[in-house]
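Written out below as structure tokens is the structure these notes cover.
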Amino acid sequence: MPSKIFFSSCFQEPKGTKLALRQRVIDGINPKKRITGEREDVENFPVWMAESWKILDQNNMVPFIEKAMFCVEGVRTSQTYVAVARSNYGSKIKIANGEDVQVSYFEMEIFEAALLQKPMKIFILEGEELTGRLKYVLDLLEPALPGLDRTPRSEDYIFACLQEMLEDLEQPRRSRRLRHLVGSAPRFTDQLMADRHFEYNPMAAGPPIRFLNGLGDLSAARPNESLVSTVLKDAQTELRHDRKLSLLWMAIRELMGAPPTKANDEFVPLWEQALAAWSSAGAWYGLHGHPYMGCLAALSSLNSIKAERYGFPAGPHSGFASEYYSISKQAHRPKYRKDALDMALKHIEAEALKGEASGTSGLRGSILYALGDRKKAIADFRRALELRRSVEGADRSAIGESMSELGFALVRSLKFREGLSLLEQGVDLLQAGPVTGFVVRAKRKLARKIHQGWRTWCKPLNGNRIRLRHLNPAVSG
């Protein structure tokens with residue numbers, strides 16, 4: 001059972017004494033409930049707090065990096081995030097070789113809440129002054145922290161707010177009062193297109209958006225090059241994309257002590273590696289519309305670095321087109337969806353000048369389809385399928401994906417026989433390979449089309465009804 005609220009703050013360093021408010025939360029939220037540190041017991045407590053877990057005890061021999069990941073997982077599974085910021089930055093995280101990265105546990109928790117656009121409330125404790133790294137990270141992430149309250153607040157005020165939030169979360173009707181604290185994906189995507197995007201010529205420049213709106217931190221020490229390399233190597237071998245992003249954040253924050261300029265030439269390759277890995281992991285994680293930590297922002301910063309260092313022309317056009325297309329699907333306002341699709345089309349047409357490829361044709365088909373030009377979209381989908389089939393030893397999953405895209409477009413254009421047949425064939429080919437998001441997407445399209453219309457429009461298909469084998473859990477899993 002997920003916690004209702006993740007409660008985050010720093011201990012008072014260097015003595016290690018806890019913020020009095022933390023003990024007050026433990027004693028006051030549920031005074032009859034004794035916290036033993038056992039998972040079954042802690043999970044029934046409505047507030048996630050580090051001192052409630054045995055795994056986070058100072059004497060526990062669990063690696064520090066795993067303790068940090070455990071805290072991040074707590075943010076991820078909690079319903080709401082609440083933090084109390086003070087003057088201190090918090091304990092830094094040690095990695096496998098015993099060295100500290102320039103990221104504290106407290107920052108990692110704030111980062112995760114910002115990344116996931118959690119409902120949140122961040123208070124500044126009365127009598128404290130934010131300085132150094134903590135002030136910088138709050139300023140840096142402020143656009144992604146809708147619940148940041150910069151008015152100094154007393155412990156009594158914060159505790160009362162915490163109690164009120166718990167009451168709201170325990171009553172579904174009242175929980176709607178917390179919606180103003182949520183950074184929803186459509187709202188963030190609209191912010192991206194409204195505040196950070198403007199039209200440009202893709203043949204001359206890349207998108208104007210930059211990762212974190214800047215890659216330097218004057219409060220950071222000069223990076224430890226071997227330490228960054230170690231963290232990036234760990235991120236490369238990490239299979240879970242959420243953990244990968246956490247490791248990459250550690251590497252990027254370490255690198256921010258040396259922005260990617262000619263003066264820091266030795267760190268530029270590490271910047272390139274970190275931003276490329278972020279874009280890739282973020283795409284699998286669905287991190288498209290985030291205005292400051294999204295894939296487009298990472299790709300744009302990476303392109304800017306390469307253009308300055310190597311004189312590369314604007315690109316990669318296919319990557320930019322794919323990101324704008326993904327952004328269009330998350331945007332709320334029709335104007336922003338149209339703006340994103342227009343930029344996606346410009347980039348993919350720039351990519352097509354290099355020569356026709358199946359990926360280019362398929363993506364252009366998806367963009368045109370979203371813009372309402374179904375005839376041209378179907379022609380592109382057909383061309384993409386032909387190109388993939390023509391390759392000797394072609395990837396069957398790639399062919400299945402093209403069949404699914406073409407079949408879906410045909411069904412939407414009322415060409416049911418050919419469309420449904422291609423959808424089923426595409427699912428067959430995709431299911432024969434490794435399980436990926438493409439399989440799920442293809443099966444969803446097939447299910448959607450059959451559910452919407454096969455009984456009405458397609459009763460006989462070659463004399464027989466369409467088989468629903470892909471919708472049978474016993475068969476399809």
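Chain labels follow the order of the structure tokens: the first chain is A, the next B, and so on; residue numbering restarts at 1 in every chain, and ligands are counted from 1 in their shown order.
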
Distance query stretch 143-153 of chain A at most 9 Å, only C-alpha atoms, self and fewer than 3 positions along chain excluded, as a ChimeraX atom specification: /A:82,110,113-115,117-128,138-140,156-158,180-183,188,290-292

Which polymer residues have any atom within 9 Å of an atom of A:Ser91, counting only C-alpha atoms, with same-chain residues fewer than 4 positions away left out, as an MDAnalysis selection string? chainID A and resid 10:11 13 103:106

Might you pull out every residue within 12 Å of A:Leu341, with only C-alpha atoms counted and same-chain residues fewer than 6 positions away left off, and present them as JSON, numbers by chain? {"A": [193, 199, 320, 321, 322, 323, 324, 325, 326, 327, 328, 329, 330, 331, 334, 335, 347, 348, 363, 364, 365, 366, 367, 368, 369, 370, 371, 372]}

Preceding selection exported with C-alpha atoms as a PDB file, in the first residue's frame:
ATOM      1  CA  MET A 193       5.277  25.113 -26.095  1.00  0.00           C
ATOM      2  CA  GLU A 199       9.460  28.818 -34.795  1.00  0.00           C
ATOM      3  CA  PHE A 320      13.788  16.242 -33.132  1.00  0.00           C
ATOM      4  CA  ALA A 321      10.845  15.187 -35.318  1.00  0.00           C
ATOM      5  CA  SER A 322      10.127  12.214 -33.081  1.00  0.00           C
ATOM      6  CA  GLU A 323      10.213  14.380 -29.956  1.00  0.00           C
ATOM      7  CA  TYR A 324       7.929  17.069 -31.386  1.00  0.00           C
ATOM      8  CA  TYR A 325       5.517  14.340 -32.494  1.00  0.00           C
ATOM      9  CA  SER A 326       5.510  12.852 -28.971  1.00  0.00           C
ATOM     10  CA  ILE A 327       5.016  16.328 -27.487  1.00  0.00           C
ATOM     11  CA  SER A 328       1.994  16.879 -29.745  1.00  0.00           C
ATOM     12  CA  LYS A 329       0.310  13.825 -28.214  1.00  0.00           C
ATOM     13  CA  GLN A 330       0.730  15.218 -24.691  1.00  0.00           C
ATOM     14  CA  ALA A 331      -0.239  18.847 -25.357  1.00  0.00           C
ATOM     15  CA  PRO A 334      -5.026  22.382 -30.003  1.00  0.00           C
ATOM     16  CA  LYS A 335      -2.749  25.293 -30.973  1.00  0.00           C
ATOM     17  CA  HIS A 347      12.339  18.240 -39.296  1.00  0.00           C
ATOM     18  CA  ILE A 348      11.315  14.957 -40.898  1.00  0.00           C
ATOM     19  CA  LEU A 363       7.382   8.788 -38.831  1.00  0.00           C
ATOM     20  CA  ARG A 364       6.283  11.169 -41.577  1.00  0.00           C
ATOM     21  CA  GLY A 365       3.179   9.013 -42.030  1.00  0.00           C
ATOM     22  CA  SER A 366       2.367   9.303 -38.318  1.00  0.00           C
ATOM     23  CA  ILE A 367       2.822  13.077 -38.408  1.00  0.00           C
ATOM     24  CA  LEU A 368       0.693  13.510 -41.523  1.00  0.00           C
ATOM     25  CA  TYR A 369      -1.967  11.241 -40.056  1.00  0.00           C
ATOM     26  CA  ALA A 370      -2.105  13.384 -36.895  1.00  0.00           C
ATOM     27  CA  LEU A 371      -2.397  16.493 -39.105  1.00  0.00           C
ATOM     28  CA  GLY A 372      -5.411  14.950 -40.839  1.00  0.00           C
TER      29      GLY A 372
END

Using only C-alpha atoms, determine which residues lie at most 9 Å from A:Asn97, disregarding the query and same-chain residues fewer than 2 positions distant; provide the list as a list in words.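 Once the nearby chain positions are removed, what remains is Lys94, Ile95, Glu99, Asp100, Leu227 and Thr230 of chain A.
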